[in-house]
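Beneath this line is the structure, given in structure tokens, with notes to follow.
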Amino acid sequence: MRMNRKRSGWIKRLFSRKESSRKNGPLILERSKHSISRRKMSRNAVKVLNRLNQGGYSAYLVGGGVRDLMLDRSPKDFDVATDATPEQVKALFRNCRLIGRRFRLAHVHFGREIIEVATFRSGQDGTAKPAEQSEQGMVLRDNIYGTLEEDAWRRDFTINALYYNIDGFSVVDYTGGVADIDARLIRMIGDPEQRYHEDPVRMLRAVRFAVKLGFNIEQSSEQPIFKLGNLLEQIPQARLYEEFLKMFQAGCALETFEKLRHYSLFQYLFPHTNRMLDEADGALTFLSRALENTDLRVAAGKPITPAFLIAALLWEEVRQLAASSQAKHPESGERLPLNVRLHHAGRDALRAQRKSLSMPKRFAIMAQEIWELQPRFERRRGRQPEKFMEHKRFRAAYDFLVLRAEVGDGDKKLADWWTEYQEVDSAARIKMVRDVPNNGKPRKRRSRSRKKKIVSSE
Ligand code: ATP
Ligand code: MG
């Protein structure tokens, strides 16, 4: 708060002069007028900026790096913009690789850190026609180099279009980003509706930044979102997955989810889940609890996996499909056991989900394992619990069981039993197993060989 008030003072002073200084070009915040310090930047980013500059090129830090430093936050990554072509950048750095076919970018590698260096782009082709567009107005080609100013106007939000000039340490603002940082507003550059048509993912980005920074979406940038969600249907499923990760793994999953529902965007990412949330009592409570749980883990620095999120998002559908399935074993004619029904239900739910947003196979498989292991917690005879604990998905499946129990889906006593079982020594474990009701009774015998074939989780 203290920082904000201090900052708003100098920004007010600045904006009394703003109009005159912007008529002749961008607003330029000199070194003494902003709070960005090179000490808070990655050393490697500073190295790249300096080397480019010494090579005779202009070099700017841009995007989230500048925005976050202006807000006293730690940037996730540092992007650099320059007038050097990718080949010229490559000539300056031994540790540089050029990537991308549609638009070439230079990646400068420093161990695990990559500094992305992009040549200024115009978003226009040489004849000043708008970049190539699909029938719906989506930009298909925008690989034309441009000036710093053009590069600024093609970016998404004003707060993302600020440039920190390594030559003189000023901040360059063509689009009003400094004022919007001060007003805490996410404002689309240009005509919002047109820009959402060009790239519908910008709607998801607006929501993500609003939640992450605690900003409001400026009204004319906000209004079109309510009605343009269906444009997300044109976005490749894998790109939506990438955005999903950024939105749900940054520590604000619950709030992001609520905002996505508010703007009617969630239904285009997880259509089946959205229907379940509207139809099934308890589905919303479960999912909210799961997202809250993810946020708590992120805050505590604990590892998270997209598989758990996917398992939670699709659970209601999987649970219902498995519960209602009457599928029979082809030979015995018996109804399939619950874990097999869960396996099939999971496969069907994932197949349907893939049409909108698709995740890498390994996470889909892991989600499926989490689901089909749920009934195995009931089996607590002899060495069964001990063996289950050695299963590579035991921990994830157990966390899922606890979550279910917390919202009344499944047996709270069962979840508590497993919590205790993991905490006590082996003598106490033997006693716990003996004390499970019905564990004293003789086992009902089934044909082991047949069971092996159909119980896929073992
Ligand atoms: P963060 O990295 O913290 O998520 P960011 O703003 O750096 O936020 P990136 O996805 O790293 O986001 O993109 C870097 C910059 O590229 C953005 O700040 C923005 O200027 C520009 N940009 C990214 N995506 C788009 C887009 N879809 N349309 C226009 N400009 C974009
Ligand atoms: Mg970034």
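Every chain in the structure tokens has a letter given in the order shown (A, B, ...), and although residue numbers restart at 1 in each chain, ligands are simply numbered from 1 in the order shown.
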
List as a short mmCIF file (atom, residue, chain, number, x, y, z; two decimals) with N, CA and C atoms, in the first residue's frame the protein and nucleic acid residues near stretch 408-421 of chain A, meaning an atom at most 12 Å away when only C-alpha atoms are counted, but skip any in the same chain fewer than 2 places from it.
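part-v4.cif written:
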data_model
loop_
_atom_site.label_atom_id
_atom_site.label_comp_id
_atom_site.auth_asym_id
_atom_site.auth_seq_id
_atom_site.Cartn_x
_atom_site.Cartn_y
_atom_site.Cartn_z
N ASP A 281 -25.69 -31.52 -7.84
CA ASP A 281 -25.44 -30.91 -6.53
C ASP A 281 -24.08 -31.39 -6.04
N GLY A 282 -23.34 -30.52 -5.45
CA GLY A 282 -22.08 -30.97 -4.83
C GLY A 282 -20.89 -30.90 -5.78
N ALA A 283 -21.14 -30.88 -7.10
CA ALA A 283 -20.01 -30.87 -8.04
C ALA A 283 -19.20 -29.58 -7.89
N THR A 285 -18.99 -27.68 -5.19
CA THR A 285 -18.27 -27.68 -3.92
C THR A 285 -16.99 -28.49 -4.04
N PHE A 286 -17.11 -29.66 -4.66
CA PHE A 286 -15.93 -30.52 -4.81
C PHE A 286 -14.84 -29.82 -5.62
N LEU A 287 -15.23 -29.28 -6.77
CA LEU A 287 -14.23 -28.66 -7.65
C LEU A 287 -13.60 -27.43 -6.98
N ARG A 289 -13.22 -26.92 -3.86
CA ARG A 289 -12.32 -27.40 -2.81
C ARG A 289 -10.99 -27.89 -3.42
N TRP A 315 -14.08 -35.33 -12.62
CA TRP A 315 -14.51 -36.38 -11.70
C TRP A 315 -16.02 -36.60 -11.70
N GLU A 316 -16.80 -35.53 -11.64
CA GLU A 316 -18.24 -35.71 -11.53
C GLU A 316 -18.77 -36.52 -12.72
N ARG A 319 -17.49 -40.16 -12.42
CA ARG A 319 -18.20 -40.83 -11.32
C ARG A 319 -19.60 -41.24 -11.76
N GLN A 374 -9.63 -45.37 -6.79
CA GLN A 374 -10.49 -44.98 -5.65
C GLN A 374 -11.12 -46.20 -4.94
N PRO A 375 -11.68 -47.16 -5.67
CA PRO A 375 -12.30 -48.29 -4.94
C PRO A 375 -11.29 -49.14 -4.19
N ARG A 376 -10.02 -49.03 -4.58
CA ARG A 376 -9.02 -49.90 -3.94
C ARG A 376 -8.80 -49.54 -2.47
N PHE A 377 -9.18 -48.32 -2.07
CA PHE A 377 -9.02 -47.94 -0.67
C PHE A 377 -9.93 -48.77 0.25
N GLU A 378 -10.98 -49.36 -0.35
CA GLU A 378 -11.89 -50.19 0.45
C GLU A 378 -11.23 -51.51 0.86
N ARG A 379 -10.24 -51.92 0.07
CA ARG A 379 -9.67 -53.26 0.28
C ARG A 379 -8.54 -53.20 1.30
N ARG A 380 -8.84 -53.67 2.48
CA ARG A 380 -7.87 -53.49 3.56
C ARG A 380 -7.54 -54.79 4.29
N PRO A 385 -3.23 -53.17 2.18
CA PRO A 385 -2.88 -51.75 2.37
C PRO A 385 -1.40 -51.49 2.16
N GLU A 386 -0.58 -52.38 2.70
CA GLU A 386 0.87 -52.21 2.57
C GLU A 386 1.29 -52.18 1.09
N PHE A 388 -0.62 -51.55 -1.49
CA PHE A 388 -1.20 -50.37 -2.16
C PHE A 388 -0.29 -49.16 -1.96
N MET A 389 0.25 -49.04 -0.75
CA MET A 389 1.09 -47.87 -0.48
C MET A 389 2.33 -47.81 -1.37
N PHE A 394 -0.22 -44.03 -5.42
CA PHE A 394 -0.93 -44.09 -4.14
C PHE A 394 -1.17 -42.69 -3.57
N ARG A 395 -0.10 -41.90 -3.56
CA ARG A 395 -0.19 -40.59 -2.90
C ARG A 395 -1.24 -39.69 -3.56
N ALA A 397 -3.74 -40.66 -5.43
CA ALA A 397 -5.08 -41.25 -5.24
C ALA A 397 -5.57 -40.98 -3.82
N TYR A 398 -4.66 -41.06 -2.86
CA TYR A 398 -5.02 -40.80 -1.46
C TYR A 398 -5.45 -39.34 -1.29
N ASP A 399 -4.67 -38.41 -1.83
CA ASP A 399 -5.04 -36.99 -1.74
C ASP A 399 -6.44 -36.77 -2.32
N PHE A 400 -6.72 -37.47 -3.40
CA PHE A 400 -8.03 -37.35 -4.06
C PHE A 400 -9.14 -37.91 -3.15
N LEU A 401 -8.85 -39.02 -2.50
CA LEU A 401 -9.82 -39.62 -1.57
C LEU A 401 -10.15 -38.66 -0.44
N VAL A 402 -9.10 -38.02 0.10
CA VAL A 402 -9.29 -37.08 1.21
C VAL A 402 -10.18 -35.92 0.77
N LEU A 403 -9.89 -35.43 -0.42
CA LEU A 403 -10.66 -34.32 -0.97
C LEU A 403 -12.14 -34.71 -1.11
N ARG A 404 -12.36 -35.90 -1.63
CA ARG A 404 -13.75 -36.38 -1.79
C ARG A 404 -14.43 -36.46 -0.42
N ALA A 405 -13.71 -37.02 0.55
CA ALA A 405 -14.29 -37.21 1.88
C ALA A 405 -14.63 -35.86 2.50
N GLU A 406 -13.80 -34.87 2.24
CA GLU A 406 -14.04 -33.53 2.82
C GLU A 406 -15.36 -32.93 2.38
N GLU A 423 0.58 -42.94 9.20
CA GLU A 423 1.33 -42.26 10.27
C GLU A 423 1.89 -43.21 11.32
N VAL A 424 1.30 -44.40 11.48
CA VAL A 424 1.68 -45.26 12.60
C VAL A 424 2.75 -46.29 12.20
N ASP A 425 3.33 -46.97 13.23
CA ASP A 425 4.37 -47.96 12.95
C ASP A 425 3.76 -49.30 12.52
N SER A 426 4.62 -50.25 12.19
CA SER A 426 4.10 -51.47 11.57
C SER A 426 3.24 -52.30 12.52
N ALA A 427 3.57 -52.29 13.82
CA ALA A 427 2.75 -53.07 14.76
C ALA A 427 1.33 -52.50 14.81
N ALA A 428 1.27 -51.17 14.85
CA ALA A 428 -0.04 -50.53 14.90
C ALA A 428 -0.81 -50.76 13.60
N ARG A 429 -0.09 -50.84 12.49
CA ARG A 429 -0.74 -51.09 11.20
C ARG A 429 -1.41 -52.46 11.19
N ILE A 430 -0.70 -53.46 11.74
CA ILE A 430 -1.28 -54.82 11.77
C ILE A 430 -2.57 -54.80 12.57
N LYS A 431 -2.53 -54.08 13.69
CA LYS A 431 -3.73 -53.99 14.53
C LYS A 431 -4.86 -53.26 13.78
N MET A 432 -4.49 -52.20 13.09
CA MET A 432 -5.52 -51.44 12.34
C MET A 432 -6.22 -52.32 11.31
N VAL A 433 -5.41 -53.13 10.62
CA VAL A 433 -5.97 -54.02 9.59
C VAL A 433 -6.91 -55.04 10.25
N ASP A 435 -8.57 -54.71 12.95
CA ASP A 435 -9.77 -54.06 13.50
C ASP A 435 -10.76 -53.56 12.45
N VAL A 436 -10.39 -53.65 11.16
CA VAL A 436 -11.35 -53.22 10.13
C VAL A 436 -12.57 -54.14 10.19
N PRO A 437 -13.79 -53.59 10.29
CA PRO A 437 -14.99 -54.44 10.37
C PRO A 437 -15.02 -55.44 9.22
#

With 9 Å as the cut-off and only C-alpha atoms and all ligand atoms counted, what is the closest atom pair between each nearby residue of chain A and ligand 1? Distances in Å to one decimal, ordered by chain and number, as a tab-separated table.
residue	atom	partner	partner_atom_place_in_ligand_line	distance
A:Val62	CA	ligand 1	18 (O)	6.9
A:Gly63	CA	ligand 1	18 (O)	3.3
A:Gly64	CA	ligand 1	7 (O)	3.3
A:Gly65	CA	ligand 1	7 (O)	6.0
A:Val66	CA	ligand 1	7 (O)	8.5
A:Arg67	CA	ligand 1	6 (O)	7.5
A:Asp68	CA	ligand 1	3 (O)	7.5
A:Pro75	CA	ligand 1	3 (O)	6.2
A:Lys76	CA	ligand 1	3 (O)	5.4
A:Asp77	CA	ligand 1	2 (O)	5.8
A:Phe78	CA	ligand 1	7 (O)	7.4
A:Asp79	CA	ligand 1	14 (C)	6.8
A:Asp151	CA	ligand 1	20 (O)	8.9
A:Ala152	CA	ligand 1	20 (O)	7.6
A:Trp153	CA	ligand 1	29 (C)	9.0
A:Arg154	CA	ligand 1	29 (C)	6.1
A:Arg155	CA	ligand 1	30 (N)	3.6
A:Asp156	CA	ligand 1	29 (C)	3.8
A:Phe157	CA	ligand 1	20 (O)	6.8
A:Thr158	CA	ligand 1	20 (O)	8.2
A:Ile159	CA	ligand 1	18 (O)	7.7
A:Asn160	CA	ligand 1	18 (O)	4.0
A:Ala161	CA	ligand 1	20 (O)	5.2
A:Leu162	CA	ligand 1	20 (O)	8.1
A:Arg195	CA	ligand 1	28 (N)	8.1
A:Tyr196	CA	ligand 1	28 (N)	8.9
A:Glu198	CA	ligand 1	28 (N)	8.5
A:Asp199	CA	ligand 1	27 (N)	6.0
A:Pro200	CA	ligand 1	27 (N)	7.9
A:Val201	CA	ligand 1	27 (N)	6.0
A:Arg202	CA	ligand 1	27 (N)	5.2
A:Met203	CA	ligand 1	27 (N)	9.0
A:Arg205	CA	ligand 1	27 (N)	7.6
A:Arg208	CA	ligand 1	4 (O)	8.3
A:Phe209	CA	ligand 1	8 (O)	7.7
A:Lys212	CA	ligand 1	3 (O)	8.7
A:Lys246	CA	ligand 1	4 (O)	7.0
A:Met247	CA	ligand 1	4 (O)	8.9

**Report entry** Residue list (alpha helix (DSSP H), DSSP) for stretch 240-368 of chain A, as a VMD selection string
**Finding:** chain A and resid 240 to 248 253 to 262 266 to 269 271 to 279 283 to 299 306 to 324 338 to 353 361 to 368

Query raised in the report: How far is it from atom CA of A:Leu296 to atom CA of A:Val211, in Å with one decimal?
Result: 16.0 Å

Requested in this report: Please indicate the distance in Å from atom CA of A:Leu350 to atom CA of A:Gln234, rounded to one decimal place.
Outcome: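 Straight-line distance from atom CA of A:Leu350 to atom CA of A:Gln234 works out to 19.4 Å.
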
Requested in this report: Can you pull out every residue within 9 Å of A:Ala349, counting only C-alpha atoms, but drop anything in the same chain fewer than 3 positions away, and send it as a VMD selection string?
Outcome: chain A and resid 272 314 317 to 318 321 344 to 346 352 to 354

Report summary line: note - atom CA of A:Val172 and atom CA of A:Arg102 are separated by 27.4 Å

Query raised in the report: Looking at only C-alpha atoms, which of A:Leu52, A:Leu254, A:Ala238, A:Leu185 is the one that sits closest to A:Lys361?
Result: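 Smallest separation from A:Lys361 among the options: A:Ala238.
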
**Report entry** Contacts of A:Tyr268 at 12 Å (only C-alpha atoms; same-chain gap of 2+ positions) as a ChimeraX atom specification
**Finding:** /A:200-201,203-204,228-237,240-241,244,260-261,263-266,270-275,353-357

Requested in this report: Could you give me the residues within stretch 53-297 of chain A that DSSP places in strand (DSSP E), as a count of residues only?
Outcome: 41

**Report entry** Selection: 10 Å around A:Arg104, only C-alpha atoms, excl. self and same-chain fewer than 6 positions, as a VMD selection string
**Finding:** chain A and resid 85 to 87 98 117 to 119 143

Please write the residues from the selection above to a file, keeping all heavy atoms, as a PDB file, in the first residue's frame.
ATOM      1  N   THR A  85      18.047  -8.300 -36.252  1.00  0.00           N
ATOM      2  CA  THR A  85      17.320  -9.468 -36.779  1.00  0.00           C
ATOM      3  C   THR A  85      17.779 -10.711 -36.002  1.00  0.00           C
ATOM      4  O   THR A  85      18.848 -10.686 -35.373  1.00  0.00           O
ATOM      5  CB  THR A  85      17.633  -9.702 -38.271  1.00  0.00           C
ATOM      6  OG1 THR A  85      19.044 -10.006 -38.373  1.00  0.00           O
ATOM      7  CG2 THR A  85      17.306  -8.482 -39.113  1.00  0.00           C
ATOM      8  N   PRO A  86      16.999 -11.780 -36.047  1.00  0.00           N
ATOM      9  CA  PRO A  86      17.409 -12.999 -35.317  1.00  0.00           C
ATOM     10  C   PRO A  86      18.824 -13.443 -35.698  1.00  0.00           C
ATOM     11  O   PRO A  86      19.603 -13.856 -34.834  1.00  0.00           O
ATOM     12  CB  PRO A  86      16.363 -14.028 -35.759  1.00  0.00           C
ATOM     13  CG  PRO A  86      15.151 -13.207 -36.072  1.00  0.00           C
ATOM     14  CD  PRO A  86      15.667 -11.931 -36.657  1.00  0.00           C
ATOM     15  N   GLU A  87      19.180 -13.331 -36.966  1.00  0.00           N
ATOM     16  CA  GLU A  87      20.522 -13.747 -37.392  1.00  0.00           C
ATOM     17  C   GLU A  87      21.588 -12.849 -36.765  1.00  0.00           C
ATOM     18  O   GLU A  87      22.651 -13.313 -36.369  1.00  0.00           O
ATOM     19  CB  GLU A  87      20.648 -13.696 -38.930  1.00  0.00           C
ATOM     20  CG  GLU A  87      19.863 -14.789 -39.663  1.00  0.00           C
ATOM     21  CD  GLU A  87      18.348 -14.583 -39.617  1.00  0.00           C
ATOM     22  OE1 GLU A  87      17.894 -13.430 -39.407  1.00  0.00           O
ATOM     23  OE2 GLU A  87      17.606 -15.573 -39.780  1.00  0.00           O
ATOM     24  N   LEU A  98      17.970 -20.204 -32.784  1.00  0.00           N
ATOM     25  CA  LEU A  98      16.804 -19.575 -33.420  1.00  0.00           C
ATOM     26  C   LEU A  98      15.672 -20.588 -33.460  1.00  0.00           C
ATOM     27  O   LEU A  98      15.879 -21.745 -33.815  1.00  0.00           O
ATOM     28  CB  LEU A  98      17.151 -19.100 -34.841  1.00  0.00           C
ATOM     29  CG  LEU A  98      18.296 -18.093 -34.923  1.00  0.00           C
ATOM     30  CD1 LEU A  98      18.418 -17.535 -36.340  1.00  0.00           C
ATOM     31  CD2 LEU A  98      18.106 -16.929 -33.930  1.00  0.00           C
ATOM     32  N   VAL A 117      14.641 -13.319 -27.208  1.00  0.00           N
ATOM     33  CA  VAL A 117      14.908 -12.043 -27.876  1.00  0.00           C
ATOM     34  C   VAL A 117      14.102 -12.002 -29.175  1.00  0.00           C
ATOM     35  O   VAL A 117      14.281 -12.839 -30.053  1.00  0.00           O
ATOM     36  CB  VAL A 117      16.419 -11.882 -28.182  1.00  0.00           C
ATOM     37  CG1 VAL A 117      16.684 -10.505 -28.796  1.00  0.00           C
ATOM     38  CG2 VAL A 117      17.251 -12.068 -26.919  1.00  0.00           C
ATOM     39  N   ALA A 118      13.204 -11.023 -29.276  1.00  0.00           N
ATOM     40  CA  ALA A 118      12.361 -10.909 -30.472  1.00  0.00           C
ATOM     41  C   ALA A 118      12.682  -9.619 -31.203  1.00  0.00           C
ATOM     42  O   ALA A 118      12.881  -8.571 -30.575  1.00  0.00           O
ATOM     43  CB  ALA A 118      10.889 -10.924 -30.065  1.00  0.00           C
ATOM     44  N   THR A 119      12.714  -9.714 -32.525  1.00  0.00           N
ATOM     45  CA  THR A 119      12.895  -8.515 -33.342  1.00  0.00           C
ATOM     46  C   THR A 119      11.563  -7.760 -33.382  1.00  0.00           C
ATOM     47  O   THR A 119      10.505  -8.395 -33.441  1.00  0.00           O
ATOM     48  CB  THR A 119      13.325  -8.929 -34.763  1.00  0.00           C
ATOM     49  OG1 THR A 119      14.455  -9.798 -34.637  1.00  0.00           O
ATOM     50  CG2 THR A 119      13.695  -7.719 -35.610  1.00  0.00           C
ATOM     51  N   ASN A 143       4.283 -11.946 -39.437  1.00  0.00           N
ATOM     52  CA  ASN A 143       5.727 -12.081 -39.265  1.00  0.00           C
ATOM     53  C   ASN A 143       6.516 -10.982 -39.980  1.00  0.00           C
ATOM     54  O   ASN A 143       7.490 -11.237 -40.656  1.00  0.00           O
ATOM     55  CB  ASN A 143       6.173 -13.455 -39.774  1.00  0.00           C
ATOM     56  CG  ASN A 143       5.727 -13.682 -41.197  1.00  0.00           C
ATOM     57  OD1 ASN A 143       4.876 -12.953 -41.691  1.00  0.00           O
ATOM     58  ND2 ASN A 143       6.294 -14.675 -41.856  1.00  0.00           N
TER      59      ASN A 143
END

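Nearest residue to A:Met41 among A:Arg297, A:His109, A:Arg121, A:Arg73 is A:Arg73, counting only C-alpha atoms.
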
Query raised in the report: Which residue gives the smallest distance to A:Gly55 among A:Asn339, A:Gln422, A:Ser221, A:Thr82, with only C-alpha atoms counted?
Result: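 That would be A:Thr82, the residue with the smallest distance to A:Gly55.
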
**Report entry** A:Thr147 surroundings by only C-alpha atoms, 8 Å radius, close-in-sequence under 5 positions cut, as a ChimeraX atom specification
**Finding:** /A:83,120-122
